[in-house]
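Heads up, start.pdb below (PDB, C-alpha atoms and all ligand atoms):
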```pdb
MODEL        1
ATOM      1  CA  MET H   1     -18.977  16.105  -5.489  1.00  0.00           C
ATOM      2  CA  MET H   2     -17.863  12.606  -6.370  1.00  0.00           C
ATOM      3  CA  ASP H   3     -14.128  11.980  -6.287  1.00  0.00           C
ATOM      4  CA  LYS H   4     -12.533  11.026  -9.563  1.00  0.00           C
ATOM      5  CA  ILE H   5     -12.251   7.259  -9.704  1.00  0.00           C
ATOM      6  CA  GLN H   6      -9.793   4.707 -11.102  1.00  0.00           C
ATOM      7  CA  ILE H   7     -10.787   2.709 -14.175  1.00  0.00           C
ATOM      8  CA  ALA H   8      -8.825  -0.415 -15.093  1.00  0.00           C
ATOM      9  CA  ILE H   9      -9.114  -1.838 -18.607  1.00  0.00           C
ATOM     10  CA  ASP H  10      -7.367  -5.149 -19.197  1.00  0.00           C
ATOM     11  CA  GLY H  11      -7.396  -7.791 -21.886  1.00  0.00           C
ATOM     12  CA  PRO H  12      -5.281  -9.528 -24.517  1.00  0.00           C
ATOM     13  CA  ALA H  13      -3.333  -7.866 -27.361  1.00  0.00           C
ATOM     14  CA  SER H  14      -5.397  -5.902 -29.897  1.00  0.00           C
ATOM     15  CA  ALA H  15      -8.726  -6.305 -28.119  1.00  0.00           C
ATOM     16  CA  GLY H  16      -9.160  -2.553 -28.606  1.00  0.00           C
ATOM     17  CA  LYS H  17      -8.084  -1.543 -25.123  1.00  0.00           C
ATOM     18  CA  SER H  18      -6.071   1.559 -25.968  1.00  0.00           C
ATOM     19  CA  THR H  19      -8.531   2.949 -28.528  1.00  0.00           C
ATOM     20  CA  VAL H  20     -11.416   2.466 -26.139  1.00  0.00           C
ATOM     21  CA  ALA H  21      -9.519   3.627 -23.037  1.00  0.00           C
ATOM     22  CA  LYS H  22      -8.461   6.862 -24.773  1.00  0.00           C
ATOM     23  CA  LEU H  23     -12.046   7.651 -25.775  1.00  0.00           C
ATOM     24  CA  VAL H  24     -13.434   6.807 -22.330  1.00  0.00           C
ATOM     25  CA  ALA H  25     -10.788   9.067 -20.733  1.00  0.00           C
ATOM     26  CA  LYS H  26     -11.729  11.884 -23.083  1.00  0.00           C
ATOM     27  CA  GLN H  27     -15.446  11.543 -22.299  1.00  0.00           C
ATOM     28  CA  MET H  28     -14.831  11.501 -18.549  1.00  0.00           C
ATOM     29  CA  ASN H  29     -12.129  14.180 -18.720  1.00  0.00           C
ATOM     30  CA  TYR H  30      -9.722  11.711 -17.102  1.00  0.00           C
ATOM     31  CA  VAL H  31      -6.039  11.012 -17.763  1.00  0.00           C
ATOM     32  CA  TYR H  32      -5.237   8.010 -19.970  1.00  0.00           C
ATOM     33  CA  CYS H  33      -2.244   5.808 -19.143  1.00  0.00           C
ATOM     34  CA  ASP H  34      -1.021   3.171 -21.612  1.00  0.00           C
ATOM     35  CA  THR H  35       0.988   0.720 -19.483  1.00  0.00           C
ATOM     36  CA  GLY H  36       1.839  -1.435 -22.522  1.00  0.00           C
ATOM     37  CA  ALA H  37       3.779   1.558 -23.876  1.00  0.00           C
ATOM     38  CA  MET H  38       5.896   1.495 -20.711  1.00  0.00           C
ATOM     39  CA  TYR H  39       6.808  -2.191 -21.208  1.00  0.00           C
ATOM     40  CA  ARG H  40       7.509  -1.424 -24.848  1.00  0.00           C
ATOM     41  CA  ALA H  41       9.756   1.532 -23.922  1.00  0.00           C
ATOM     42  CA  VAL H  42      11.837  -0.671 -21.597  1.00  0.00           C
ATOM     43  CA  THR H  43      12.129  -3.253 -24.382  1.00  0.00           C
ATOM     44  CA  TRP H  44      13.249  -0.579 -26.836  1.00  0.00           C
ATOM     45  CA  ALA H  45      15.891   0.697 -24.400  1.00  0.00           C
ATOM     46  CA  ALA H  46      17.174  -2.834 -23.699  1.00  0.00           C
ATOM     47  CA  LEU H  47      17.475  -3.568 -27.434  1.00  0.00           C
ATOM     48  CA  GLN H  48      19.352  -0.273 -27.931  1.00  0.00           C
ATOM     49  CA  LYS H  49      21.800  -1.103 -25.179  1.00  0.00           C
ATOM     50  CA  GLY H  50      22.225  -4.737 -26.179  1.00  0.00           C
ATOM     51  CA  ILE H  51      20.950  -6.042 -22.838  1.00  0.00           C
ATOM     52  CA  ALA H  52      19.734  -9.664 -22.871  1.00  0.00           C
ATOM     53  CA  LEU H  53      15.950  -9.465 -22.724  1.00  0.00           C
ATOM     54  CA  ASP H  54      15.668 -12.174 -20.094  1.00  0.00           C
ATOM     55  CA  ASP H  55      18.366 -10.718 -17.832  1.00  0.00           C
ATOM     56  CA  ASP H  56      16.232  -9.696 -14.882  1.00  0.00           C
ATOM     57  CA  VAL H  57      19.105  -8.105 -12.944  1.00  0.00           C
ATOM     58  CA  ALA H  58      20.479  -6.097 -15.887  1.00  0.00           C
ATOM     59  CA  LEU H  59      16.973  -4.880 -16.781  1.00  0.00           C
ATOM     60  CA  GLY H  60      16.415  -3.802 -13.186  1.00  0.00           C
ATOM     61  CA  GLN H  61      19.660  -1.809 -13.311  1.00  0.00           C
ATOM     62  CA  LEU H  62      18.677  -0.288 -16.652  1.00  0.00           C
ATOM     63  CA  LEU H  63      15.401   0.938 -15.142  1.00  0.00           C
ATOM     64  CA  GLU H  64      17.271   2.744 -12.381  1.00  0.00           C
ATOM     65  CA  LYS H  65      19.129   4.709 -15.047  1.00  0.00           C
ATOM     66  CA  ILE H  66      16.425   5.640 -17.565  1.00  0.00           C
ATOM     67  CA  THR H  67      13.269   7.742 -17.303  1.00  0.00           C
ATOM     68  CA  ILE H  68      10.147   6.773 -19.228  1.00  0.00           C
ATOM     69  CA  SER H  69       7.684   9.622 -19.680  1.00  0.00           C
ATOM     70  CA  PHE H  70       4.552  10.601 -21.556  1.00  0.00           C
ATOM     71  CA  GLN H  71       3.783  13.955 -23.095  1.00  0.00           C
ATOM     72  CA  ALA H  72       0.279  15.012 -24.119  1.00  0.00           C
ATOM     73  CA  ALA H  73       0.101  15.677 -27.859  1.00  0.00           C
ATOM     74  CA  LYS H  74      -2.263  15.421 -30.816  1.00  0.00           C
ATOM     75  CA  PRO H  75      -3.188  13.097 -32.454  1.00  0.00           C
ATOM     76  CA  GLU H  76      -1.556  10.890 -29.837  1.00  0.00           C
ATOM     77  CA  GLN H  77       0.418  11.024 -26.615  1.00  0.00           C
ATOM     78  CA  LYS H  78       4.209  10.997 -27.136  1.00  0.00           C
ATOM     79  CA  VAL H  79       6.424   8.486 -25.354  1.00  0.00           C
ATOM     80  CA  PHE H  80       9.987   9.283 -24.302  1.00  0.00           C
ATOM     81  CA  VAL H  81      12.941   7.330 -22.959  1.00  0.00           C
ATOM     82  CA  ASP H  82      15.049  10.061 -21.397  1.00  0.00           C
ATOM     83  CA  GLN H  83      15.285  12.721 -24.121  1.00  0.00           C
ATOM     84  CA  SER H  84      14.553  10.383 -27.070  1.00  0.00           C
ATOM     85  CA  GLU H  85      11.050  10.268 -28.493  1.00  0.00           C
ATOM     86  CA  VAL H  86      10.160   6.602 -29.123  1.00  0.00           C
ATOM     87  CA  THR H  87       6.422   6.870 -29.904  1.00  0.00           C
ATOM     88  CA  LYS H  88       6.820   5.176 -33.306  1.00  0.00           C
ATOM     89  CA  GLU H  89       9.777   2.961 -32.471  1.00  0.00           C
ATOM     90  CA  ILE H  90       7.949   1.109 -29.686  1.00  0.00           C
ATOM     91  CA  ARG H  91       5.295  -0.087 -32.195  1.00  0.00           C
ATOM     92  CA  MET H  92       7.815  -1.640 -34.581  1.00  0.00           C
ATOM     93  CA  PRO H  93       7.802  -5.456 -34.974  1.00  0.00           C
ATOM     94  CA  GLU H  94      11.198  -5.834 -33.253  1.00  0.00           C
ATOM     95  CA  VAL H  95       9.782  -4.372 -30.052  1.00  0.00           C
ATOM     96  CA  THR H  96       6.345  -6.005 -30.396  1.00  0.00           C
ATOM     97  CA  ASN H  97       7.860  -9.462 -30.796  1.00  0.00           C
ATOM     98  CA  ASN H  98      10.222  -9.124 -27.831  1.00  0.00           C
ATOM     99  CA  VAL H  99       8.120  -7.268 -25.289  1.00  0.00           C
ATOM    100  CA  SER H 100       6.520 -10.379 -23.722  1.00  0.00           C
ATOM    101  CA  LEU H 101       9.932 -11.620 -22.632  1.00  0.00           C
ATOM    102  CA  VAL H 102      10.837  -8.312 -20.992  1.00  0.00           C
ATOM    103  CA  ALA H 103       7.378  -8.040 -19.414  1.00  0.00           C
ATOM    104  CA  ALA H 104       7.891 -11.443 -17.792  1.00  0.00           C
ATOM    105  CA  GLN H 105      10.905 -10.269 -15.756  1.00  0.00           C
ATOM    106  CA  PRO H 106      10.051  -9.681 -12.080  1.00  0.00           C
ATOM    107  CA  SER H 107      12.287  -6.598 -11.681  1.00  0.00           C
ATOM    108  CA  VAL H 108      10.626  -4.904 -14.649  1.00  0.00           C
ATOM    109  CA  ARG H 109       7.125  -5.669 -13.376  1.00  0.00           C
ATOM    110  CA  ALA H 110       7.914  -4.494  -9.849  1.00  0.00           C
ATOM    111  CA  TYR H 111       9.386  -1.231 -11.079  1.00  0.00           C
ATOM    112  CA  LEU H 112       6.646  -0.393 -13.570  1.00  0.00           C
ATOM    113  CA  THR H 113       3.854  -1.463 -11.201  1.00  0.00           C
ATOM    114  CA  THR H 114       5.069   1.057  -8.593  1.00  0.00           C
ATOM    115  CA  LYS H 115       5.365   3.759 -11.220  1.00  0.00           C
ATOM    116  CA  GLN H 116       1.834   3.039 -12.489  1.00  0.00           C
ATOM    117  CA  GLN H 117       0.432   3.142  -8.949  1.00  0.00           C
ATOM    118  CA  GLU H 118       1.982   6.588  -8.479  1.00  0.00           C
ATOM    119  CA  ILE H 119       0.462   7.828 -11.729  1.00  0.00           C
ATOM    120  CA  ALA H 120      -3.007   6.540 -10.712  1.00  0.00           C
ATOM    121  CA  GLN H 121      -2.890   7.670  -7.106  1.00  0.00           C
ATOM    122  CA  ALA H 122      -4.931  10.844  -7.471  1.00  0.00           C
ATOM    123  CA  GLY H 123      -7.717   9.059  -9.390  1.00  0.00           C
ATOM    124  CA  GLY H 124      -9.317  10.464 -12.521  1.00  0.00           C
ATOM    125  CA  ILE H 125      -7.435   7.847 -14.499  1.00  0.00           C
ATOM    126  CA  VAL H 126      -8.174   5.271 -17.181  1.00  0.00           C
ATOM    127  CA  MET H 127      -5.320   2.774 -17.217  1.00  0.00           C
ATOM    128  CA  ASP H 128      -5.052  -0.049 -19.726  1.00  0.00           C
ATOM    129  CA  GLY H 129      -2.848  -3.138 -19.648  1.00  0.00           C
ATOM    130  CA  ARG H 130      -2.883  -6.787 -18.606  1.00  0.00           C
ATOM    131  CA  ASP H 131      -2.699  -6.726 -14.812  1.00  0.00           C
ATOM    132  CA  ILE H 132      -4.234  -3.387 -13.867  1.00  0.00           C
ATOM    133  CA  GLY H 133      -7.354  -4.802 -12.210  1.00  0.00           C
ATOM    134  CA  THR H 134      -5.501  -7.718 -10.576  1.00  0.00           C
ATOM    135  CA  THR H 135      -2.180  -6.218  -9.452  1.00  0.00           C
ATOM    136  CA  VAL H 136      -1.625  -2.536 -10.174  1.00  0.00           C
ATOM    137  CA  LEU H 137      -4.989  -1.130  -9.032  1.00  0.00           C
ATOM    138  CA  PRO H 138      -6.765  -3.935  -7.156  1.00  0.00           C
ATOM    139  CA  ASN H 139      -9.096  -1.324  -5.633  1.00  0.00           C
ATOM    140  CA  ALA H 140     -10.090   0.329  -8.909  1.00  0.00           C
ATOM    141  CA  GLN H 141     -13.782   1.197  -8.723  1.00  0.00           C
ATOM    142  CA  VAL H 142     -14.420   0.034 -12.294  1.00  0.00           C
ATOM    143  CA  LYS H 143     -12.645  -2.934 -13.896  1.00  0.00           C
ATOM    144  CA  ILE H 144     -13.282  -3.982 -17.464  1.00  0.00           C
ATOM    145  CA  PHE H 145     -11.854  -7.083 -19.172  1.00  0.00           C
ATOM    146  CA  LEU H 146     -12.038  -6.711 -22.954  1.00  0.00           C
ATOM    147  CA  VAL H 147     -11.834  -9.765 -25.193  1.00  0.00           C
ATOM    148  CA  ALA H 148     -12.291 -10.467 -28.916  1.00  0.00           C
ATOM    149  CA  SER H 149     -11.543 -13.423 -31.195  1.00  0.00           C
ATOM    150  CA  VAL H 150      -7.932 -13.865 -32.449  1.00  0.00           C
ATOM    151  CA  LYS H 151      -9.155 -13.440 -36.064  1.00  0.00           C
ATOM    152  CA  GLN H 152     -10.903 -10.180 -35.317  1.00  0.00           C
ATOM    153  CA  ARG H 153      -7.928  -8.832 -33.362  1.00  0.00           C
ATOM    154  CA  ALA H 154      -5.477  -9.738 -36.147  1.00  0.00           C
ATOM    155  CA  LEU H 155      -7.692  -7.956 -38.640  1.00  0.00           C
ATOM    156  CA  ARG H 156      -7.789  -4.815 -36.480  1.00  0.00           C
ATOM    157  CA  ARG H 157      -4.006  -4.830 -36.052  1.00  0.00           C
ATOM    158  CA  TYR H 158      -3.616  -5.386 -39.819  1.00  0.00           C
ATOM    159  CA  LYS H 159      -5.667  -2.283 -40.616  1.00  0.00           C
ATOM    160  CA  GLU H 160      -3.818  -0.235 -37.990  1.00  0.00           C
ATOM    161  CA  ASN H 161      -0.467  -1.379 -39.393  1.00  0.00           C
ATOM    162  CA  GLN H 162      -1.419  -0.482 -42.948  1.00  0.00           C
ATOM    163  CA  GLN H 163      -2.073   3.102 -41.902  1.00  0.00           C
ATOM    164  CA  LYS H 164       1.422   3.175 -40.405  1.00  0.00           C
ATOM    165  CA  GLY H 165       3.005   1.625 -43.505  1.00  0.00           C
ATOM    166  CA  ILE H 166       3.764  -1.700 -41.793  1.00  0.00           C
ATOM    167  CA  ASN H 167       2.936  -4.603 -44.133  1.00  0.00           C
ATOM    168  CA  THR H 168       2.903  -7.784 -42.049  1.00  0.00           C
ATOM    169  CA  PRO H 169       0.563 -10.403 -43.641  1.00  0.00           C
ATOM    170  CA  LEU H 170      -2.680 -11.203 -41.814  1.00  0.00           C
ATOM    171  CA  ASP H 171      -1.841 -14.853 -41.066  1.00  0.00           C
ATOM    172  CA  VAL H 172       1.497 -13.833 -39.545  1.00  0.00           C
ATOM    173  CA  LEU H 173      -0.329 -11.347 -37.307  1.00  0.00           C
ATOM    174  CA  GLU H 174      -2.812 -14.032 -36.220  1.00  0.00           C
ATOM    175  CA  ASP H 175       0.058 -16.278 -35.302  1.00  0.00           C
ATOM    176  CA  GLU H 176       1.891 -13.501 -33.404  1.00  0.00           C
ATOM    177  CA  ILE H 177      -1.232 -12.558 -31.448  1.00  0.00           C
ATOM    178  CA  ALA H 178      -1.943 -16.175 -30.478  1.00  0.00           C
ATOM    179  CA  LYS H 179       1.674 -16.604 -29.324  1.00  0.00           C
ATOM    180  CA  ARG H 180       1.645 -13.343 -27.358  1.00  0.00           C
ATOM    181  CA  ASP H 181      -1.671 -14.330 -25.701  1.00  0.00           C
ATOM    182  CA  TYR H 182      -0.095 -17.577 -24.619  1.00  0.00           C
ATOM    183  CA  LYS H 183       3.037 -15.946 -23.218  1.00  0.00           C
ATOM    184  CA  ASP H 184       1.119 -13.162 -21.455  1.00  0.00           C
ATOM    185  CA  SER H 185      -1.341 -15.648 -19.890  1.00  0.00           C
ATOM    186  CA  HIS H 186       1.258 -18.186 -18.796  1.00  0.00           C
ATOM    187  CA  ARG H 187       4.026 -16.084 -17.293  1.00  0.00           C
ATOM    188  CA  GLU H 188       4.757 -16.566 -13.612  1.00  0.00           C
ATOM    189  CA  VAL H 189       4.452 -12.956 -12.419  1.00  0.00           C
ATOM    190  CA  SER H 190       1.104 -11.175 -12.876  1.00  0.00           C
ATOM    191  CA  PRO H 191      -0.213 -13.240 -15.798  1.00  0.00           C
ATOM    192  CA  LEU H 192      -3.082 -11.927 -17.894  1.00  0.00           C
ATOM    193  CA  VAL H 193      -6.219 -13.057 -16.069  1.00  0.00           C
ATOM    194  CA  LYS H 194      -9.566 -11.437 -15.520  1.00  0.00           C
ATOM    195  CA  ALA H 195      -9.926  -9.999 -12.016  1.00  0.00           C
ATOM    196  CA  LYS H 196     -12.839 -11.653 -10.189  1.00  0.00           C
ATOM    197  CA  ASP H 197     -14.670  -8.348  -9.957  1.00  0.00           C
ATOM    198  CA  ALA H 198     -13.951  -7.248 -13.555  1.00  0.00           C
ATOM    199  CA  ILE H 199     -16.772  -7.007 -16.077  1.00  0.00           C
ATOM    200  CA  LEU H 200     -16.164  -9.159 -19.163  1.00  0.00           C
ATOM    201  CA  LEU H 201     -16.909  -7.420 -22.445  1.00  0.00           C
ATOM    202  CA  ASP H 202     -16.590  -9.333 -25.741  1.00  0.00           C
ATOM    203  CA  THR H 203     -15.968  -6.778 -28.488  1.00  0.00           C
ATOM    204  CA  THR H 204     -15.775  -9.200 -31.446  1.00  0.00           C
ATOM    205  CA  SER H 205     -18.993  -7.957 -33.006  1.00  0.00           C
ATOM    206  CA  LEU H 206     -19.165  -4.501 -31.444  1.00  0.00           C
ATOM    207  CA  THR H 207     -18.038  -1.187 -32.912  1.00  0.00           C
ATOM    208  CA  ILE H 208     -15.643   1.040 -30.982  1.00  0.00           C
ATOM    209  CA  GLU H 209     -18.519   3.447 -30.297  1.00  0.00           C
ATOM    210  CA  GLN H 210     -20.641   0.656 -28.834  1.00  0.00           C
ATOM    211  CA  VAL H 211     -17.846  -0.486 -26.540  1.00  0.00           C
ATOM    212  CA  VAL H 212     -17.176   3.069 -25.338  1.00  0.00           C
ATOM    213  CA  GLU H 213     -20.883   3.617 -24.734  1.00  0.00           C
ATOM    214  CA  GLU H 214     -21.164   0.396 -22.736  1.00  0.00           C
ATOM    215  CA  ILE H 215     -18.146   1.242 -20.551  1.00  0.00           C
ATOM    216  CA  THR H 216     -19.273   4.829 -19.986  1.00  0.00           C
ATOM    217  CA  LYS H 217     -22.647   3.473 -18.866  1.00  0.00           C
ATOM    218  CA  ILE H 218     -20.940   1.113 -16.403  1.00  0.00           C
ATOM    219  CA  ILE H 219     -18.852   3.990 -14.993  1.00  0.00           C
ATOM    220  CA  LYS H 220     -21.825   6.326 -14.600  1.00  0.00           C
ATOM    221  CA  ASN H 221     -23.866   3.634 -12.843  1.00  0.00           C
ATOM    222  CA  LYS H 222     -20.963   2.984 -10.508  1.00  0.00           C
ATOM    223  CA  ILE H 223     -20.435   6.650  -9.658  1.00  0.00           C
ATOM    224  CA  GLU H 224     -24.168   7.042  -8.986  1.00  0.00           C
ATOM    225  CA  ILE H 225     -24.235   4.352  -6.311  1.00  0.00           C
ATOM    226  CA  MET H 226     -21.014   5.484  -4.602  1.00  0.00           C
TER     227      MET H 226
HETATM  228  O1  LIG S   1      -0.847  -3.541 -24.898  1.00  0.00           O
HETATM  229  P1  LIG S   1       0.460  -3.714 -25.664  1.00  0.00           P
HETATM  230  O2  LIG S   1       0.367  -4.673 -26.818  1.00  0.00           O
HETATM  231  O3  LIG S   1       1.071  -2.425 -26.060  1.00  0.00           O
HETATM  232  O4  LIG S   1       1.424  -4.370 -24.576  1.00  0.00           O
HETATM  233  C1  LIG S   1       2.737  -4.722 -24.881  1.00  0.00           C
HETATM  234  C2  LIG S   1       3.206  -5.913 -24.050  1.00  0.00           C
HETATM  235  O5  LIG S   1       3.404  -5.525 -22.704  1.00  0.00           O
HETATM  236  C3  LIG S   1       2.281  -7.115 -24.043  1.00  0.00           C
HETATM  237  O6  LIG S   1       2.893  -8.203 -24.688  1.00  0.00           O
HETATM  238  C4  LIG S   1       2.068  -7.465 -22.604  1.00  0.00           C
HETATM  239  C5  LIG S   1       2.869  -6.491 -21.830  1.00  0.00           C
HETATM  240  N1  LIG S   1       2.089  -5.810 -20.804  1.00  0.00           N
HETATM  241  C6  LIG S   1       2.068  -6.357 -19.538  1.00  0.00           C
HETATM  242  O7  LIG S   1       2.647  -7.415 -19.336  1.00  0.00           O
HETATM  243  N2  LIG S   1       1.417  -5.715 -18.539  1.00  0.00           N
HETATM  244  C7  LIG S   1       0.767  -4.570 -18.770  1.00  0.00           C
HETATM  245  N3  LIG S   1       0.129  -3.954 -17.772  1.00  0.00           N
HETATM  246  C8  LIG S   1       0.758  -4.009 -20.071  1.00  0.00           C
HETATM  247  C9  LIG S   1       1.422  -4.656 -21.076  1.00  0.00           C
ENDMDL
END
```
What is this structure when it is put down as structure tokens?
Ligand code: DC
Amino acid sequence: MMDKIQIAIDGPASAGKSTVAKLVAKQMNYVYCDTGAMYRAVTWAALQKGIALDDDVALGQLLEKITISFQAAKPEQKVFVDQSEVTKEIRMPEVTNNVSLVAAQPSVRAYLTTKQQEIAQAGGIVMDGRDIGTTVLPNAQVKIFLVASVKQRALRRYKENQQKGINTPLDVLEDEIAKRDYKDSHREVSPLVKAKDAILLDTTSLTIEQVVEEITKIIKNKIEIM
């Protein structure tokens, strides 16, 4: 029987990575790991403790003291920092608007990269983020790079937010997404870039179902030739 493989899904903010990755994991009966949630959890903890978000050393020390964990739950996985559940908190604007700065710190990236590699070690994993195919799992058997226009991504985030009772105007979201793209693509450590061997998938005019179908097809083809 074929071993369970590693699937890396990268791309900019709101390209649909987590929605798609969750569904692909479900179809394949794989574990889903949201690495963005880990960067968000660190940001939440740093804000709580009043640590400067660009203080690489202090953030590194913070990470030695806290434990970030996931717990399977319906309708969505729960995220914890130590004993505190932060599933909702890590999606609030204060975290969203500060996470790029924290994610640019080398100590944070080194720590979380190691943790993510441990999680993925046994295979049977769909991991989404920005640097999974380039840095975290360079040997992943399937790498997907999802993109979509800024307008389309802002619209998706707007609809998601409305369901959660967050009322940020659409043009503000567009601006935030464009800024976050810039920061994520221009940071020094592990910037957001497509891995050479990743498959580019533009989801601007595709439905979620179509994207999932396309990725599942890619995975099945890959497993067949292994
Ligand atoms: O996917 P997201 O919006 O939840 O990610 C939150 C932030 O974390 C995003 O601004 C980029 C950063 N991130 C990262 O640098 N590397 C990852 N593997 C995942 C997320």
Which residues fall under the PyMOL selection byres (((chain H and resi 6) around 9) and not hetatm) in this file, as a ChimeraX atom specification?
/H:4-5,7-8,120-127,137,139-143
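If you apply the PyMOL selection byres (((chain H and resi 105) around 10) and not hetatm) to this structure, you end up with Leu53, Asp54, Asp55, Asp56, Val57, Leu59, Gly60, Ser100, Leu101, Val102, Ala103, Ala104, Pro106, Ser107, Val108, Arg109, Ala110, Arg187, Glu188 and Val189 of chain H.
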Please write the residues picked by the PyMOL selection byres (((not hetatm)) within 6 of (chain S and resi 1)) on this file as a list in words.
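This file gives the following for the PyMOL selection byres (((not hetatm)) within 6 of (chain S and resi 1)): Ala13, Thr35, Gly36, Ala37, Tyr39, Arg40, Val99, Ser100, Ala103, Gly129, Arg130, Asp131, Ile132, Arg180 and Asp184 of chain H.
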Those same residues - C-alpha atoms - I'd like them written as a short mmCIF file (atom, residue, chain, number, x, y, z; two decimals), keeping the file's coordinate frame.
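Okay, out-v4.cif is ready:
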```
data_model
loop_
_atom_site.label_atom_id
_atom_site.label_comp_id
_atom_site.auth_asym_id
_atom_site.auth_seq_id
_atom_site.Cartn_x
_atom_site.Cartn_y
_atom_site.Cartn_z
CA ALA H 13 -3.33 -7.87 -27.36
CA THR H 35 0.99 0.72 -19.48
CA GLY H 36 1.84 -1.44 -22.52
CA ALA H 37 3.78 1.56 -23.88
CA TYR H 39 6.81 -2.19 -21.21
CA ARG H 40 7.51 -1.42 -24.85
CA VAL H 99 8.12 -7.27 -25.29
CA SER H 100 6.52 -10.38 -23.72
CA ALA H 103 7.38 -8.04 -19.41
CA GLY H 129 -2.85 -3.14 -19.65
CA ARG H 130 -2.88 -6.79 -18.61
CA ASP H 131 -2.70 -6.73 -14.81
CA ILE H 132 -4.23 -3.39 -13.87
CA ARG H 180 1.64 -13.34 -27.36
CA ASP H 184 1.12 -13.16 -21.46
#
```
How far is it from CA of Ile119 in chain H to CA of Thr96 in chain H, in Å with one decimal?
24.0 Å
Leaving out range 204-215 of chain H and any residue of its chain fewer than 6 positions from it, which residues lie within 10 Å of it when counting all atoms listed in the file, given as an NGL selection string?
:H and (7 or 9 or 15-17 or 19-25 or 27 or 142-144 or 146-153 or 221)
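For the atom pair formed by CA of Ala198 in chain H and CA of Phe145 in chain H, the distance is 6.0 Å, given to one decimal.
Between Arg157 in chain H and the residues H:Ser84, H:Lys183, H:Ile223, H:Arg91, the shortest atom-to-atom distance, using only C-alpha atoms, involves H:Arg91.
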Minimum-distance residue to Pro191 in chain H, chosen among H:Gly11, H:Leu173, H:Ser69, H:Pro138 (using all atoms listed in the file)
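Answer, going by the shortest atom-to-atom distance: H:Gly11.
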